[in-house]
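**Student:** For reference, the structure I am asking about is given below.
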Amino acid sequence: MQEFTEGQLDDLAGCATFQYCEPGRVVLREGHQPHAVYFISNGEVVVSRLQWDNIYKINTDVPCGTRVRGQMFGEIALLHDCPRTATCTTATDCELLCVARTDFDRILRRTLLDRWAQIQRALERFDYFKHWSSDQVRECCILSGIVEYEPKQKLPVSEGGTERDCAHFVLSGQCMILQCLTVSKVKGKFQLLPILSDENKPGKVEAGGTNERPTDQSAVVEHRFIDVGTFSCGAAFGLGETMQHRMVVARTRVQCLAIPRDWLFERRQNVGNTWQRVRMQLDMTVPSRGRLFEMFVREHRWRRYRKALVQEFVRRNPRQNPTRLADVPIMCRVEQGDSE
């Protein structure tokens, strides 16, 4: 309900009626005529659709999503003046707010149609969705949303994912991939430490890692963040690719189309294992932790060598120019930082 204005919320509060439903209550039935739309004040509702079972030769209800607190259901049939497109059944004790069709047309129709058109325009920008049917586009518009992130804001992307995790398709702006390398430094030498989590099996070590944390008291453990790459307009991520010690952060103001990952990986939307191929391409493009650590060590050695070379050159060739640093205007000075 965040997309509605305060005036719309006030109007809804004046015309909505309260309805309590016990678990297992069918609120909407697929194929019935629509008369109202519902908002979930508390509880969870399961959305299912009839599908033909070729084995038993009957139609069966197949779950295709859930609605939780703060979400709305039943608006599609009212927007398009058609029978109910799905069955909605309460999974828990639910408290619902019911808005009649006349109030829906007066308060919400224009806002929801604009949101619907915005998501359709976003889908048209990606070749992945050009061959989808009208039913797939309609269902995607129901489940998806357009989200915005401010610069330096972390995007909710995980590796394993949960039922409600979303795949992100960048509409504008840029996101950067940050890899965290946990390293120990002993006597000037770096060593990559393994990822310690409940998910890793004992003895399992990343390339370039060790089996144990350093026991040397002089070892200094550091976290080095490396900018691995950029997701720009037209990119897709959040498909379950490797994200160990890795995060996606908005480099600029970013606008993304967020589509539920579990729905996207269903057979109808995943013809030819499209999304597994995109995920594989992402994993092949972004370097692994071991590879990034090798690049980090090589860069560190080069910086040390370059610094020593400059110092040796200055020692052998003392400066003859009497100009001091204070003689150079501040705006003209260029100082090179030391990453050691």
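Ordering of the structure tokens sets the chain letters (A, B, ...), residue numbers begin anew at 1 in every chain, and ligands are numbered from 1 in the order given.
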Fewer than 3 positions away in the same chain doesn't count, so skip those; otherwise give me all residues within 10 Å of Gly31 in chain A, counting only C-alpha atoms, as a PyMOL selection string.
**Tutor:** chain A and resi 28+34+50+77+82-87
**Student:** Among range 85-153 of chain A, which ones does DSSP assign to strand (DSSP E) (computed from the backbone)? Answer as a PyMOL selection string.
**Tutor:** chain A and resi 87-90+94-100+145-149
**Student:** Go through A:His131, A:His168, A:Arg115, A:Arg25 one by one, measure the shortest atom-to-atom distance of each to Ile259 in chain A using only C-alpha atoms, and give the residue with the smallest value.
**Tutor:**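 Result for the nearest residue to Ile259 in chain A: A:His168.
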**Student:** To one decimal in Å, tell me the separation between CA of Cys175 in chain A and CA of Trp132 in chain A.
**Tutor:**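 Computing the Euclidean distance for CA of Cys175 in chain A and CA of Trp132 in chain A yields 27.3 Å.
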**Student:** Residues within 12 Å of Val27 in chain A, please, as an NGL selection string. Count only C-alpha atoms; anything in the same chain fewer than 4 positions from it doesn't count.
**Tutor:** :A and (19-23 or 32 or 34-40 or 44-48 or 73-74 or 84 or 86-91 or 94-98)
